[in-house]
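What's in structure.json: JSON, C-alpha atoms
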```json
[["chain", "number", "residue", "atom", "x", "y", "z"],
["R", 1141, "MET", "CA", -61.50, -165.96, 160.66],
["R", 1142, "ARG", "CA", -59.57, -168.11, 158.21],
["R", 1143, "GLU", "CA", -58.57, -166.86, 154.77],
["R", 1144, "VAL", "CA", -60.43, -168.54, 151.89],
["R", 1145, "LEU", "CA", -58.51, -169.21, 148.68],
["R", 1146, "TYR", "CA", -60.01, -170.35, 145.38],
["R", 1147, "GLU", "CA", -58.59, -172.19, 142.40],
["R", 1148, "ASP", "CA", -58.91, -170.02, 139.27],
["R", 1149, "ASP", "CA", -61.55, -172.26, 137.69],
["R", 1150, "VAL", "CA", -63.65, -172.08, 140.88],
["R", 1151, "SER", "CA", -63.63, -168.29, 140.77],
["R", 1152, "GLN", "CA", -64.61, -168.42, 137.09],
["R", 1153, "GLN", "CA", -67.51, -170.76, 137.82],
["R", 1154, "ILE", "CA", -68.77, -168.43, 140.55],
["R", 1155, "ASP", "CA", -68.60, -165.40, 138.25],
["R", 1156, "ALA", "CA", -70.33, -167.32, 135.43],
["R", 1157, "ALA", "CA", -73.14, -168.37, 137.79],
["R", 1158, "ALA", "CA", -73.92, -164.72, 138.58],
["R", 1159, "ASN", "CA", -75.98, -164.49, 135.36],
["R", 1160, "GLN", "CA", -78.32, -167.24, 136.53],
["R", 1161, "PHE", "CA", -78.10, -166.51, 140.28],
["R", 1162, "PRO", "CA", -77.76, -162.74, 140.94],
["R", 1163, "ARG", "CA", -77.19, -163.36, 144.67],
["R", 1164, "ILE", "CA", -74.44, -165.95, 144.24],
["R", 1165, "HIS", "CA", -71.88, -163.67, 145.88],
["R", 1166, "ASP", "CA", -74.11, -163.38, 148.97],
["R", 1167, "ALA", "CA", -74.28, -167.17, 149.11],
["R", 1168, "ILE", "CA", -70.50, -167.42, 148.72],
["R", 1169, "ALA", "CA", -69.99, -164.89, 151.52],
["R", 1170, "GLY", "CA", -72.15, -167.08, 153.77],
["R", 1171, "LEU", "CA", -70.18, -170.15, 152.73],
["R", 1172, "GLU", "CA", -66.88, -168.42, 153.50],
["R", 1173, "TRP", "CA", -68.15, -167.39, 156.92],
["R", 1174, "ARG", "CA", -69.30, -170.91, 157.73],
["R", 1175, "LEU", "CA", -66.09, -172.60, 156.56],
["R", 1176, "GLY", "CA", -63.99, -169.90, 158.19],
["R", 1177, "HIS", "CA", -65.53, -170.60, 161.57],
["R", 1178, "ARG", "CA", -66.23, -174.34, 161.41],
["R", 1179, "PRO", "CA", -64.15, -175.99, 158.70],
["R", 1180, "LYS", "CA", -64.55, -179.49, 160.13],
["R", 1181, "GLU", "CA", -68.36, -179.51, 159.76],
["R", 1182, "ALA", "CA", -68.37, -181.24, 156.40],
["R", 1183, "VAL", "CA", -70.82, -183.71, 154.90],
["R", 1184, "ALA", "CA", -67.92, -186.01, 153.96],
["R", 1185, "ARG", "CA", -64.31, -186.27, 154.97],
["R", 1186, "GLY", "CA", -61.41, -187.93, 153.26],
["R", 1187, "PRO", "CA", -57.83, -188.23, 154.37],
["R", 1188, "ILE", "CA", -57.00, -184.82, 152.89],
["R", 1189, "TYR", "CA", -60.17, -183.18, 151.51],
["R", 1190, "TYR", "CA", -63.56, -182.21, 152.91],
["R", 1191, "ILE", "CA", -66.89, -181.80, 151.11],
["R", 1192, "PHE", "CA", -69.43, -179.24, 152.29],
["R", 1193, "ARG", "CA", -72.93, -178.67, 150.92],
["R", 1194, "GLN", "CA", -74.77, -175.42, 151.49],
["R", 1195, "LYS", "CA", -78.49, -175.53, 150.85],
["R", 1196, "GLY", "CA", -79.95, -172.75, 148.72],
["R", 1197, "PHE", "CA", -83.38, -171.11, 148.70],
["R", 1198, "THR", "CA", -85.63, -171.55, 145.67],
["R", 1199, "ASN", "CA", -87.84, -168.56, 146.51],
["R", 1200, "LEU", "CA", -84.77, -166.25, 146.62],
["R", 1201, "ASN", "CA", -83.04, -167.87, 143.60],
["R", 1202, "ILE", "CA", -80.03, -168.75, 145.75],
["R", 1203, "PRO", "CA", -78.40, -171.98, 144.53],
["R", 1204, "ASP", "CA", -77.26, -175.10, 146.32],
["R", 1205, "ILE", "CA", -73.47, -175.01, 146.54],
["R", 1206, "THR", "CA", -71.17, -177.96, 147.10],
["R", 1207, "VAL", "CA", -67.43, -177.44, 147.55],
["R", 1208, "VAL", "CA", -64.39, -179.65, 147.88],
["R", 1209, "TYR", "CA", -61.80, -178.06, 150.13],
["R", 1210, "ARG", "CA", -59.03, -178.59, 152.58],
["R", 1211, "TYR", "CA", -57.73, -176.45, 155.35],
["R", 1212, "GLU", "CA", -54.51, -175.94, 157.20],
["R", 1213, "GLY", "CA", -54.17, -173.52, 160.05],
["R", 1214, "GLU", "CA", -55.63, -170.21, 158.99],
["R", 1215, "GLN", "CA", -56.30, -171.03, 155.32],
["R", 1216, "ILE", "CA", -59.10, -172.81, 153.54],
["R", 1217, "HIS", "CA", -58.40, -173.76, 149.94],
["R", 1218, "ILE", "CA", -61.39, -174.52, 147.70],
["R", 1219, "PHE", "CA", -60.47, -176.87, 144.86],
["R", 1220, "GLY", "CA", -63.87, -177.56, 143.32],
["R", 1221, "ILE", "CA", -67.39, -176.20, 143.31],
["R", 1222, "LYS", "CA", -70.78, -177.33, 142.03],
["R", 1223, "ILE", "CA", -73.51, -174.70, 141.74],
["R", 1224, "MET", "CA", -77.04, -175.98, 141.12],
["R", 1225, "PRO", "CA", -80.57, -174.59, 141.38],
["R", 1226, "ALA", "CA", -81.91, -175.11, 144.90],
["R", 1227, "GLU", "CA", -84.00, -178.22, 145.42]]
```
Please go through the file and, once you have read it, give me the structure as structure tokens.
Amino acid sequence: MREVLYEDDVSQQIDAAANQFPRIHDAIAGLEWRLGHRPKEAVARGPIYYIFRQKGFTNLNIPDITVVYRYEGEQIHIFGIKIMPAE
């Protein structure tokens, strides 16, 4: 599986979201697994960056997560994240 790297502000946003979404780290683990195995399955692709949206679950208080990332070889680098209540 590919290594997932985060910009510092992305890590801070994830930690800050833990107050509102206690299972955010479970959701992030699922996101890492998905991107680690299928990094090209994005909702949008640019020349360098990909965008991936992971749907949350309202009944479990797991948020929707959208990330901007790129990957090379065995690394995925997440540059931005948006964490919102599940729709």
(message) Using all atoms listed in the file, which protein or nucleic acid residues come within 10 Å of Pro1203 in chain R? Drop anything in the same chain fewer than 6 positions from it, and give the result as a PyMOL selection string.
(response) chain R and resi 1157+1160-1164+1167+1194-1197+1222-1227
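Between Glu1143 in chain R and the candidates R:Val1207, R:Ile1202, R:Ile1216, R:Ile1221, the tightest atom-to-atom separation, counting only C-alpha atoms, involves R:Ile1216.
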(request) Quote the spacing between CA of Gly1220 in chain R and CA of Asn1201 in chain R in Å to one decimal place. (result) 21.5 Å
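The closest residue to Tyr1189 in chain R, picked from R:Asp1204, R:Glu1172, R:Asp1148, R:Glu1212 and counting all atoms listed in the file, is R:Glu1212.
Comparing the minimum interatomic distances between Ala1184 in chain R and each of R:Leu1200, R:Tyr1209, R:Leu1171, R:Tyr1146, counting all atoms listed in the file, we find that R:Tyr1209 sits nearest.
What separates CA of Val1208 in chain R from CA of Gln1153 in chain R is a distance of 13.8 Å.
In this structure, CA of Ala1182 in chain R sits 16.6 Å away from CA of Gly1213 in chain R.
Distance annotation: of R:Tyr1211, R:Ile1218, R:Ile1154, R:Arg1193, the residue with the minimal separation from Arg1142 in chain R is R:Tyr1211; atom set is all atoms listed in the file.
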(message) Here is a test: counting only C-alpha atoms, which residue of R:Arg1210, R:Asn1159, R:Glu1147, R:Phe1219 is nearest to Arg1185 in chain R?
(response) R:Arg1210
(request) Compare R:Leu1145, R:Ala1169, R:Val1183, R:Ala1158 by their minimum atom-to-atom distance to Gln1215 in chain R, counting all atoms listed in the file, and give me the closest one. (result) R:Leu1145
